[in-house]
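What follows is the content of data-v1.txt, which has compact mmCIF, C-alpha atoms:
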```txt
# COMPACT_ATOMS: atom_id res chain seq x y z
CA MET A 1 -9.36 25.70 -29.21
CA ARG A 2 -12.81 25.10 -30.70
CA ILE A 3 -15.01 22.48 -29.03
CA GLN A 4 -17.75 20.68 -30.92
CA LYS A 5 -19.87 17.56 -30.77
CA LEU A 6 -18.59 14.54 -32.65
CA THR A 7 -21.23 13.63 -35.22
CA ALA A 8 -21.18 11.98 -38.62
CA ASP A 9 -21.39 15.42 -40.26
CA SER A 10 -18.72 17.05 -38.11
CA LYS A 11 -16.39 14.11 -38.70
CA GLN A 12 -16.85 14.37 -42.46
CA ASP A 13 -16.26 18.13 -42.41
CA ILE A 14 -13.04 17.66 -40.45
CA LEU A 15 -11.78 14.93 -42.78
CA GLU A 16 -12.40 17.14 -45.80
CA ASN A 17 -10.64 20.07 -44.14
CA LEU A 18 -7.62 17.96 -43.19
CA LEU A 19 -7.29 16.61 -46.72
CA LYS A 20 -6.79 20.17 -47.99
CA ARG A 21 -3.31 19.84 -46.47
CA SER A 22 -2.42 16.84 -48.63
CA PRO A 23 0.49 17.16 -51.08
CA ASN A 24 -2.01 15.93 -53.69
CA ASN A 25 -3.59 19.39 -53.44
CA TYR A 26 -0.41 21.36 -54.05
CA GLY A 27 -1.10 21.74 -57.78
CA GLU A 28 -0.31 25.44 -57.82
CA PHE A 29 3.34 24.64 -57.05
CA GLU A 30 3.82 21.73 -59.44
CA GLY A 31 4.79 23.81 -62.47
CA ARG A 32 7.58 25.56 -60.57
CA VAL A 33 8.85 22.30 -59.10
CA ASN A 34 8.86 20.54 -62.47
CA ALA A 35 10.79 23.45 -63.99
CA ILE A 36 13.44 23.15 -61.28
CA ILE A 37 13.74 19.41 -61.82
CA GLU A 38 14.15 19.78 -65.59
CA GLU A 39 16.73 22.53 -65.14
CA VAL A 40 18.77 20.30 -62.83
CA ARG A 41 18.50 17.36 -65.24
CA LYS A 42 19.73 19.58 -68.08
CA ASN A 43 22.38 21.76 -66.42
CA ARG A 44 23.29 19.67 -63.39
CA ASN A 45 25.79 21.43 -61.12
CA GLN A 46 25.24 24.81 -62.75
CA ALA A 47 21.53 24.59 -61.93
CA ILE A 48 21.90 23.58 -58.28
CA PHE A 49 24.49 26.30 -57.68
CA SER A 50 22.20 28.89 -59.24
CA TYR A 51 19.16 27.78 -57.22
CA THR A 52 21.18 27.68 -54.00
CA LYS A 53 22.17 31.30 -54.58
CA GLN A 54 18.58 32.25 -55.45
CA PHE A 55 16.78 30.46 -52.61
CA ASP A 56 19.38 30.24 -49.83
CA GLY A 57 21.60 33.22 -50.60
CA ALA A 58 24.72 31.04 -50.49
CA ASP A 59 27.60 30.90 -52.97
CA ILE A 60 28.15 27.19 -53.53
CA ASN A 61 30.39 25.68 -56.20
CA GLU A 62 32.34 22.51 -57.03
CA ASP A 63 34.95 23.36 -54.42
CA ASN A 64 32.69 23.84 -51.41
CA ILE A 65 29.47 21.89 -52.05
CA LEU A 66 30.79 18.89 -50.12
CA VAL A 67 31.12 19.34 -46.35
CA THR A 68 34.75 18.87 -45.33
CA GLU A 69 36.31 17.16 -42.33
CA GLU A 70 37.37 20.58 -41.11
CA GLU A 71 33.76 21.79 -41.16
CA ILE A 72 32.65 18.73 -39.22
CA LYS A 73 35.39 19.30 -36.67
CA GLU A 74 34.30 22.93 -36.34
CA ALA A 75 30.70 21.79 -35.83
CA TYR A 76 31.73 19.55 -32.93
CA GLU A 77 33.41 22.54 -31.31
CA GLN A 78 30.16 24.52 -31.57
CA VAL A 79 27.77 21.86 -30.25
CA ASP A 80 27.30 21.75 -26.50
CA GLU A 81 28.72 18.62 -24.85
CA THR A 82 25.43 17.88 -23.11
CA LEU A 83 23.56 17.98 -26.43
CA LEU A 84 26.16 15.69 -27.98
CA ALA A 85 25.60 13.23 -25.13
CA VAL A 86 21.85 13.30 -25.74
CA ILE A 87 22.33 12.73 -29.49
CA ARG A 88 24.48 9.71 -28.71
CA LYS A 89 21.93 8.26 -26.25
CA SER A 90 19.15 8.75 -28.78
CA LEU A 91 21.27 7.14 -31.49
CA VAL A 92 21.70 4.00 -29.36
CA ASN A 93 17.95 3.73 -28.74
CA ILE A 94 17.06 4.22 -32.41
CA LYS A 95 19.66 1.73 -33.57
CA LYS A 96 18.55 -0.94 -31.07
CA TYR A 97 14.92 -0.58 -32.10
CA HIS A 98 15.65 -0.86 -35.80
CA GLU A 99 18.01 -3.81 -35.35
CA LYS A 100 14.94 -5.83 -34.34
CA GLN A 101 13.50 -5.15 -37.80
CA ALA A 102 16.45 -6.64 -39.68
CA GLN A 103 15.58 -9.48 -42.05
CA ASN A 104 17.69 -12.37 -43.26
CA SER A 105 17.69 -14.34 -46.49
CA TRP A 106 16.01 -17.75 -46.21
CA PHE A 107 15.81 -20.97 -48.20
CA THR A 108 13.82 -24.22 -48.13
CA SER A 109 14.74 -27.46 -49.86
CA GLU A 110 12.49 -30.47 -50.49
CA ASP A 111 12.22 -33.10 -53.23
CA GLY A 112 14.51 -31.33 -55.65
CA ILE A 113 12.91 -27.91 -55.10
CA ILE A 114 14.80 -24.99 -53.60
CA LEU A 115 12.78 -21.86 -52.81
CA GLY A 116 13.86 -18.81 -50.92
CA GLN A 117 14.22 -15.09 -50.58
CA LYS A 118 17.46 -13.17 -50.94
CA VAL A 119 17.60 -9.93 -48.93
CA THR A 120 19.92 -7.28 -50.40
CA PRO A 121 20.50 -3.76 -49.04
CA LEU A 122 20.30 -0.83 -51.43
CA ALA A 123 23.66 0.33 -52.78
CA ILE A 124 23.21 4.06 -52.19
CA ALA A 125 20.59 6.05 -50.28
CA GLY A 126 20.00 9.79 -50.21
CA VAL A 127 18.75 11.54 -47.09
CA TYR A 128 17.16 14.97 -47.24
CA VAL A 129 17.28 17.13 -44.12
CA PRO A 130 15.38 20.45 -44.11
CA GLY A 131 16.88 23.62 -42.72
CA GLY A 132 14.18 26.27 -43.00
CA LYS A 133 12.00 27.11 -39.99
CA ALA A 134 13.83 24.83 -37.54
CA VAL A 135 16.90 22.63 -37.11
CA TYR A 136 16.33 18.87 -37.33
CA PRO A 137 19.25 16.72 -36.12
CA SER A 138 16.62 14.22 -34.94
CA SER A 139 15.52 13.72 -38.56
CA VAL A 140 19.11 12.94 -39.47
CA LEU A 141 19.20 10.07 -36.98
CA MET A 142 15.77 8.75 -37.91
CA ASN A 143 16.50 8.63 -41.64
CA VAL A 144 20.10 7.46 -41.55
CA LEU A 145 20.10 4.75 -38.89
CA PRO A 146 17.57 2.38 -40.54
CA ALA A 147 19.72 2.55 -43.68
CA LYS A 148 22.85 1.77 -41.67
CA VAL A 149 21.18 -1.17 -39.95
CA ALA A 150 19.96 -2.44 -43.33
CA GLY A 151 23.55 -2.43 -44.60
CA VAL A 152 23.31 0.31 -47.24
CA GLU A 153 26.80 0.70 -48.69
CA ARG A 154 26.80 4.47 -49.19
CA ILE A 155 24.61 7.11 -47.55
CA ILE A 156 24.67 10.70 -48.74
CA MET A 157 22.83 13.66 -47.27
CA CYS A 158 21.61 16.92 -48.78
CA THR A 159 20.66 19.90 -46.65
CA PRO A 160 20.38 23.63 -47.44
CA PRO A 161 23.24 25.86 -46.28
CA GLY A 162 22.90 29.19 -44.55
CA LYS A 163 23.88 32.41 -46.33
CA ASP A 164 27.40 31.86 -45.03
CA GLY A 165 27.60 28.58 -46.91
CA LYS A 166 27.63 26.54 -43.71
CA VAL A 167 25.35 23.80 -42.41
CA TYR A 168 23.84 23.90 -38.91
CA PRO A 169 26.45 22.45 -36.51
CA SER A 170 23.98 20.09 -34.78
CA THR A 171 22.90 18.71 -38.16
CA LEU A 172 26.51 18.00 -39.12
CA VAL A 173 27.29 16.39 -35.78
CA ALA A 174 24.21 14.15 -35.94
CA ALA A 175 25.10 13.12 -39.50
CA HIS A 176 28.66 12.27 -38.53
CA GLU A 177 27.56 10.32 -35.46
CA ALA A 178 25.00 8.36 -37.50
CA GLY A 179 27.57 7.45 -40.16
CA VAL A 180 26.66 9.54 -43.21
CA ASP A 181 29.34 9.14 -45.89
CA GLU A 182 28.96 12.49 -47.69
CA ILE A 183 27.07 15.70 -46.93
CA TYR A 184 26.15 18.12 -49.72
CA LYS A 185 25.13 21.76 -49.26
CA VAL A 186 22.03 21.85 -51.40
CA GLY A 187 18.35 22.00 -50.44
CA GLY A 188 14.83 22.21 -51.82
CA ALA A 189 13.49 20.62 -54.99
CA GLN A 190 16.93 21.06 -56.58
CA ALA A 191 18.44 18.69 -54.01
CA ILE A 192 15.83 16.04 -54.72
CA ALA A 193 16.46 16.35 -58.47
CA ALA A 194 20.21 16.17 -57.95
CA MET A 195 19.92 12.93 -55.97
CA ALA A 196 17.40 11.47 -58.41
CA PHE A 197 19.40 12.09 -61.60
CA GLY A 198 22.93 12.90 -60.41
CA THR A 199 25.17 15.86 -61.20
CA GLU A 200 28.92 16.32 -61.56
CA SER A 201 29.11 16.59 -57.74
CA VAL A 202 26.02 14.86 -56.29
CA PRO A 203 25.71 11.13 -57.00
CA LYS A 204 22.53 9.48 -58.25
CA VAL A 205 20.93 7.43 -55.47
CA ASP A 206 18.59 4.43 -55.37
CA LYS A 207 16.23 5.89 -52.80
CA ILE A 208 15.46 9.33 -51.34
CA VAL A 209 14.12 9.67 -47.80
CA GLY A 210 13.47 12.58 -45.49
CA PRO A 211 10.91 15.33 -44.90
CA GLY A 212 10.72 18.80 -46.40
CA ASN A 213 8.47 21.67 -47.44
CA VAL A 214 5.89 21.64 -50.24
CA TYR A 215 8.60 21.94 -52.92
CA VAL A 216 10.50 18.98 -51.54
CA ALA A 217 7.31 16.90 -51.24
CA LEU A 218 6.30 17.61 -54.83
CA ALA A 219 9.82 16.99 -56.11
CA LYS A 220 9.87 13.57 -54.45
CA LYS A 221 6.51 12.82 -56.03
CA ALA A 222 7.82 13.88 -59.45
CA VAL A 223 10.98 11.76 -59.37
CA PHE A 224 9.30 8.64 -58.00
CA GLY A 225 9.92 5.90 -60.53
CA TYR A 226 13.36 7.19 -61.44
CA VAL A 227 14.26 6.46 -57.82
CA SER A 228 12.37 5.07 -54.87
CA ILE A 229 11.11 7.40 -52.13
CA ASP A 230 9.93 6.85 -48.58
CA SER A 231 6.69 8.86 -48.78
CA ILE A 232 5.26 12.23 -49.76
CA ALA A 233 4.99 13.74 -46.32
CA GLY A 234 2.36 16.30 -45.45
CA PRO A 235 2.17 18.62 -42.43
CA SER A 236 2.53 17.22 -38.90
CA GLU A 237 -0.44 15.75 -37.05
CA ILE A 238 -1.38 14.66 -33.54
CA LEU A 239 -4.59 13.11 -32.28
CA VAL A 240 -5.18 12.49 -28.57
CA LEU A 241 -7.88 10.05 -27.50
CA ALA A 242 -8.77 10.71 -23.86
CA ASP A 243 -11.43 10.05 -21.25
CA GLU A 244 -12.22 11.71 -17.92
CA THR A 245 -9.07 10.23 -16.30
CA ALA A 246 -6.69 12.29 -18.49
CA ASN A 247 -4.69 15.22 -17.16
CA PRO A 248 -5.91 18.26 -19.16
CA ARG A 249 -2.62 20.10 -18.77
CA TYR A 250 -0.66 17.18 -20.23
CA VAL A 251 -3.12 16.79 -23.10
CA ALA A 252 -3.01 20.48 -23.99
CA ALA A 253 0.78 20.51 -23.94
CA ASP A 254 0.93 17.48 -26.23
CA LEU A 255 -1.49 18.98 -28.74
CA LEU A 256 0.62 22.12 -29.01
CA SER A 257 3.81 20.10 -29.48
CA GLN A 258 2.71 19.41 -33.06
CA ALA A 259 0.84 22.65 -33.72
CA GLU A 260 4.15 24.53 -33.46
CA HIS A 261 5.64 22.76 -36.49
CA ASP A 262 3.90 24.95 -39.05
CA GLU A 263 0.64 26.73 -39.83
CA MET A 264 -0.77 23.65 -41.57
CA ALA A 265 -0.13 21.23 -38.69
CA SER A 266 -3.15 19.53 -37.17
CA ALA A 267 -3.90 18.97 -33.45
CA ILE A 268 -7.06 17.07 -32.47
CA LEU A 269 -8.48 15.89 -29.16
CA ILE A 270 -11.28 13.33 -29.17
CA THR A 271 -12.76 12.74 -25.74
CA THR A 272 -15.81 11.30 -24.05
CA SER A 273 -15.66 13.99 -21.32
CA GLU A 274 -17.10 17.48 -21.83
CA GLU A 275 -15.37 18.62 -18.66
CA LEU A 276 -11.98 17.49 -19.98
CA ALA A 277 -12.68 19.26 -23.27
CA GLU A 278 -13.30 22.57 -21.51
CA LYS A 279 -10.20 22.23 -19.33
CA VAL A 280 -7.94 21.29 -22.24
CA SER A 281 -9.16 24.29 -24.24
CA ALA A 282 -8.40 26.62 -21.33
CA GLU A 283 -4.96 25.09 -20.72
CA ALA A 284 -4.10 25.34 -24.41
CA ASP A 285 -4.97 29.04 -24.47
CA GLN A 286 -2.70 29.67 -21.49
CA PHE A 287 0.20 27.71 -23.01
CA VAL A 288 -0.03 29.48 -26.36
CA ALA A 289 0.46 32.87 -24.72
CA GLU A 290 3.77 31.65 -23.25
CA LEU A 291 5.30 29.72 -26.15
CA SER A 292 7.92 31.10 -28.53
CA ARG A 293 6.15 29.99 -31.74
CA LYS A 294 2.77 31.34 -30.66
CA GLU A 295 1.87 32.86 -34.04
CA ILE A 296 2.42 29.58 -35.87
CA ILE A 297 0.51 27.69 -33.17
CA ARG A 298 -2.47 30.05 -33.32
CA LYS A 299 -2.79 29.72 -37.08
CA SER A 300 -2.48 25.94 -36.86
CA LEU A 301 -5.19 25.69 -34.20
CA ASP A 302 -7.48 28.16 -35.96
CA ASN A 303 -7.35 26.20 -39.21
CA TYR A 304 -6.80 22.58 -38.18
CA GLY A 305 -7.25 22.32 -34.41
CA TYR A 306 -10.29 20.52 -32.96
CA ILE A 307 -11.67 19.28 -29.66
CA LEU A 308 -14.39 16.73 -30.35
CA VAL A 309 -16.73 15.37 -27.68
CA ALA A 310 -18.02 11.86 -28.43
CA ASP A 311 -21.06 10.18 -26.90
CA ASN A 312 -19.06 7.05 -26.11
CA MET A 313 -15.64 5.46 -26.55
CA GLU A 314 -16.80 3.33 -29.48
CA ASP A 315 -17.72 6.42 -31.50
CA ALA A 316 -14.46 8.06 -30.48
CA ILE A 317 -12.41 5.08 -31.68
CA ASP A 318 -14.29 4.98 -34.99
CA ALA A 319 -13.35 8.63 -35.56
CA VAL A 320 -9.73 7.94 -34.65
CA ASN A 321 -9.56 5.19 -37.27
CA GLU A 322 -11.19 7.39 -39.90
CA ILE A 323 -8.77 10.27 -39.32
CA ALA A 324 -5.72 7.92 -39.26
CA SER A 325 -3.38 10.43 -37.66
CA GLU A 326 0.39 10.51 -37.93
CA HIS A 327 0.81 10.57 -34.13
CA MET A 328 -1.86 9.18 -31.82
CA GLU A 329 -1.89 9.27 -28.02
CA ILE A 330 -4.19 7.15 -25.85
CA VAL A 331 -4.84 8.61 -22.39
CA THR A 332 -7.67 6.54 -20.97
CA LYS A 333 -8.44 4.31 -17.98
CA ASP A 334 -7.33 1.18 -19.86
CA PRO A 335 -5.13 2.43 -22.73
CA PHE A 336 -3.72 -0.95 -23.75
CA HIS A 337 -7.22 -2.34 -24.26
CA VAL A 338 -8.11 0.70 -26.37
CA MET A 339 -4.89 0.25 -28.36
CA THR A 340 -6.08 -3.14 -29.62
CA LYS A 341 -8.98 -1.37 -31.37
CA ILE A 342 -6.81 1.18 -33.18
CA ARG A 343 -6.30 0.16 -36.81
CA ASN A 344 -4.96 3.34 -38.32
CA ALA A 345 -2.17 5.45 -36.82
CA GLY A 346 1.44 6.12 -37.73
CA ALA A 347 2.68 5.77 -34.15
CA ILE A 348 0.68 5.03 -31.00
CA PHE A 349 1.71 6.51 -27.65
CA ILE A 350 0.16 4.79 -24.64
CA GLY A 351 -0.38 6.41 -21.24
CA GLU A 352 0.03 9.90 -19.86
CA TYR A 353 3.83 9.69 -19.61
CA SER A 354 4.31 8.69 -23.25
CA SER A 355 4.11 12.14 -24.81
CA GLU A 356 4.67 12.55 -28.55
CA PRO A 357 8.10 14.25 -28.31
CA LEU A 358 9.40 11.05 -26.69
CA GLY A 359 8.96 9.42 -30.08
CA ASP A 360 10.32 12.41 -31.97
CA TYR A 361 13.65 12.36 -30.23
CA PHE A 362 14.51 9.49 -27.99
CA ALA A 363 12.48 6.29 -27.54
CA GLY A 364 13.76 4.52 -30.66
CA PRO A 365 10.82 3.96 -33.05
CA ASN A 366 11.06 6.02 -36.21
CA HIS A 367 9.44 9.44 -36.34
CA VAL A 368 9.13 9.45 -40.14
CA LEU A 369 5.44 8.55 -40.29
CA PRO A 370 2.51 8.50 -42.73
CA THR A 371 0.38 11.67 -42.81
CA ASN A 372 -2.90 12.88 -44.32
CA GLY A 373 -4.77 9.66 -43.60
CA THR A 374 -2.19 7.46 -45.33
CA ALA A 375 -1.64 5.56 -42.06
CA LYS A 376 -4.52 3.44 -43.38
CA PHE A 377 -2.06 1.80 -45.77
CA PHE A 378 1.48 3.10 -45.07
CA SER A 379 3.88 2.43 -42.20
CA ALA A 380 6.69 4.20 -40.39
CA LEU A 381 10.11 4.39 -42.05
CA SER A 382 11.98 1.19 -41.26
CA VAL A 383 14.84 -1.10 -42.22
CA ASP A 384 12.48 -2.59 -44.84
CA ASP A 385 12.69 0.69 -46.77
CA PHE A 386 16.38 0.13 -47.46
CA ILE A 387 16.38 -3.48 -48.64
CA LYS A 388 15.24 -5.41 -51.70
CA LYS A 389 13.83 -8.92 -51.66
CA SER A 390 14.59 -11.25 -54.55
CA SER A 391 12.73 -14.53 -54.92
CA ILE A 392 14.84 -17.68 -55.38
CA ILE A 393 13.51 -20.63 -57.43
CA SER A 394 15.43 -23.79 -58.32
CA TYR A 395 13.78 -27.04 -59.59
CA SER A 396 15.56 -30.24 -60.51
CA ARG A 397 14.49 -32.08 -63.70
CA GLU A 398 12.61 -34.61 -61.59
CA ALA A 399 10.73 -31.93 -59.68
CA LEU A 400 9.71 -30.05 -62.84
CA GLU A 401 8.67 -33.28 -64.57
CA LYS A 402 6.01 -33.87 -61.89
CA VAL A 403 4.29 -30.55 -62.57
CA HIS A 404 5.17 -29.56 -66.14
CA GLU A 405 1.78 -30.51 -67.56
CA ASP A 406 0.03 -28.37 -64.91
CA ILE A 407 2.15 -25.38 -65.87
CA GLU A 408 1.55 -25.91 -69.58
CA GLN A 409 -2.22 -26.08 -69.01
CA PHE A 410 -2.16 -22.82 -67.05
CA ALA A 411 -0.19 -21.11 -69.82
CA GLU A 412 -2.49 -22.45 -72.56
CA CYS A 413 -5.49 -21.17 -70.57
CA GLU A 414 -3.99 -17.67 -70.77
CA LYS A 415 -3.19 -18.21 -74.49
CA LEU A 416 0.52 -17.72 -73.79
CA THR A 417 1.82 -20.53 -75.95
CA ALA A 418 5.46 -19.49 -75.67
CA HIS A 419 5.17 -19.85 -71.91
CA ALA A 420 3.86 -23.37 -72.33
CA ASN A 421 6.52 -24.19 -74.90
CA SER A 422 9.28 -23.00 -72.59
CA VAL A 423 8.38 -25.83 -70.22
CA ARG A 424 7.31 -28.42 -72.82
CA VAL A 425 10.63 -28.43 -74.71
CA ARG A 426 12.38 -29.80 -71.66
CA PHE A 427 10.40 -33.03 -71.90
CA GLU A 428 10.32 -33.66 -75.62
CA LYS A 429 10.71 -37.34 -76.56
```
Write the structure described by the file as structure tokens, please.
Amino acid sequence: MRIQKLTADSKQDILENLLKRSPNNYGEFEGRVNAIIEEVRKNRNQAIFSYTKQFDGADINEDNILVTEEEIKEAYEQVDETLLAVIRKSLVNIKKYHEKQAQNSWFTSEDGIILGQKVTPLAIAGVYVPGGKAVYPSSVLMNVLPAKVAGVERIIMCTPPGKDGKVYPSTLVAAHEAGVDEIYKVGGAQAIAAMAFGTESVPKVDKIVGPGNVYVALAKKAVFGYVSIDSIAGPSEILVLADETANPRYVAADLLSQAEHDEMASAILITTSEELAEKVSAEADQFVAELSRKEIIRKSLDNYGYILVADNMEDAIDAVNEIASEHMEIVTKDPFHVMTKIRNAGAIFIGEYSSEPLGDYFAGPNHVLPTNGTAKFFSALSVDDFIKKSSIISYSREALEKVHEDIEQFAECEKLTAHANSVRVRFEK
């Protein structure tokens, strides 16, 4: 991995390079994605069947697009019992964490005034689960369980089938364990369009969540407004903030855990120790030679991998907040103190035994996180993503009479005379 001094110029160069990965810069694909969406809106089932044959090589039709109970039973027979046990343990942890996020409706009443907030779960949510370069049963749990905790009435899932028309067994098992109501064999931009507008087989949903490739990201961006979406996710990211107390072998291993996702993933170490920087670089080189996805990792590190040496921890923390990484690890002498100074990160992992994959699979917090610097204003997927909040207002005549002239004056100030009249007529002599 490349090592360089952290300066104002180097930080700016890195930020500009990382932003090249943003879905906002995928313009070359937008025409193709928009064409797919329009085709699905126009021809519905016929379009998604055609695209599934074209892109996935699978023959899907009205009779086999929906995963059957028999297919789910077959999937359970193919998934190792030990893996099933792990999925169930992870499910419990994720559910417990998200239950703490649950919100209740509330009301206040005083002097003839009732105010409140009514919390209502979405009626139907759509979960997208990719199936290209890897298998993601963990994403199934992370996207479905917050919706279940929120009380969403109906949860559907779309995922691309293999050429044999089947879905990965571990994906099916995770979906069944999490409580998905229906699973459809359709992927890519066509799946997003199907959930956004509905077809003869796939129902229209209120919200679409879940990660995917560039086509999925752009499709979600295109349908936003017709439905809600969680975010437009970019490539994976990890940033490790470390001092001289960090274990270089651990740090190197954690950096590569994200670099293996795809060629556009980003792995960054910011440290105050030149010695640590050198050791991490050497350890990373050794690990890469041994890992199964070495070609992907090498391309990721060549394009978006950095080891930055800062003059002091204050400068290091400033850079961390500017980069606003999806995953951020703190491996320093006093990590909890450092954590209080971190403003921008999707998820923060504290201490040398809190490696990023712990959050990906098992700890409980959601691994659907803001990328490409959007951690400055976005949060992790949560129960809040699957509820609506309606304001409640109720005034008695006596309560409104005390303030009606104030309201009328405000409305007249804005030259909205019908607003003022709406209140005034209630107190005509």
Open item on the list: Set the distance at 12 Å and use all atoms listed in the file: which residues neighbour Ser139 (chain A) once local chain neighbours fewer than 5 positions away are removed? I'd like the list as a ChimeraX atom specification.
Closed with: /A:87,90-91,94,127-131,134,144-146,157,159,170-172,174-175,178,209-212,359-362,366-369,381
Open item on the list: Let me make sure I understand: among A:Val288, A:Ile113, A:Trp106, A:Glu200, which one has the smallest atom-to-atom distance to Asp63 (chain A) if we use all atoms listed in the file?
Closed with: A:Glu200
TODO: Could you tell me which of A:Ser50, A:Ser201, A:Glu16, A:Lys5 comes closest to Ile65 (chain A) if we count only C-alpha atoms?
DONE: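 That would be A:Ser201, the residue with the smallest distance to Ile65 (chain A).
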Task: Contacts of region 116-123 of chain A within 9 Å, only C-alpha atoms, excl. fewer than 6 positions in-chain, as number ranges by chain - done: A: 103-109, 147, 150-155, 205-207, 386-393
Open item on the list: So the first atom is CA of Leu6 (chain A) and the second is CA of Ala324 (chain A); what is the distance between them in Å, to one decimal place?
Closed with: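 One can read the CA of Leu6 (chain A) to CA of Ala324 (chain A) distance as 15.9 Å.
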Open item on the list: Show me the residues close to (0.0, 0.3, -46.2) - anything with an atom within 12 Å, counting only C-alpha atoms - and format the list as a list in words.
Closed with: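 Selection result: Ser231, Ala324, Arg343, Asn344, Ala345, Gly346, Leu369, Pro370, Thr371, Gly373, Thr374, Ala375, Lys376, Phe377, Phe378, Ser379, Ala380 and Leu381 of chain A.
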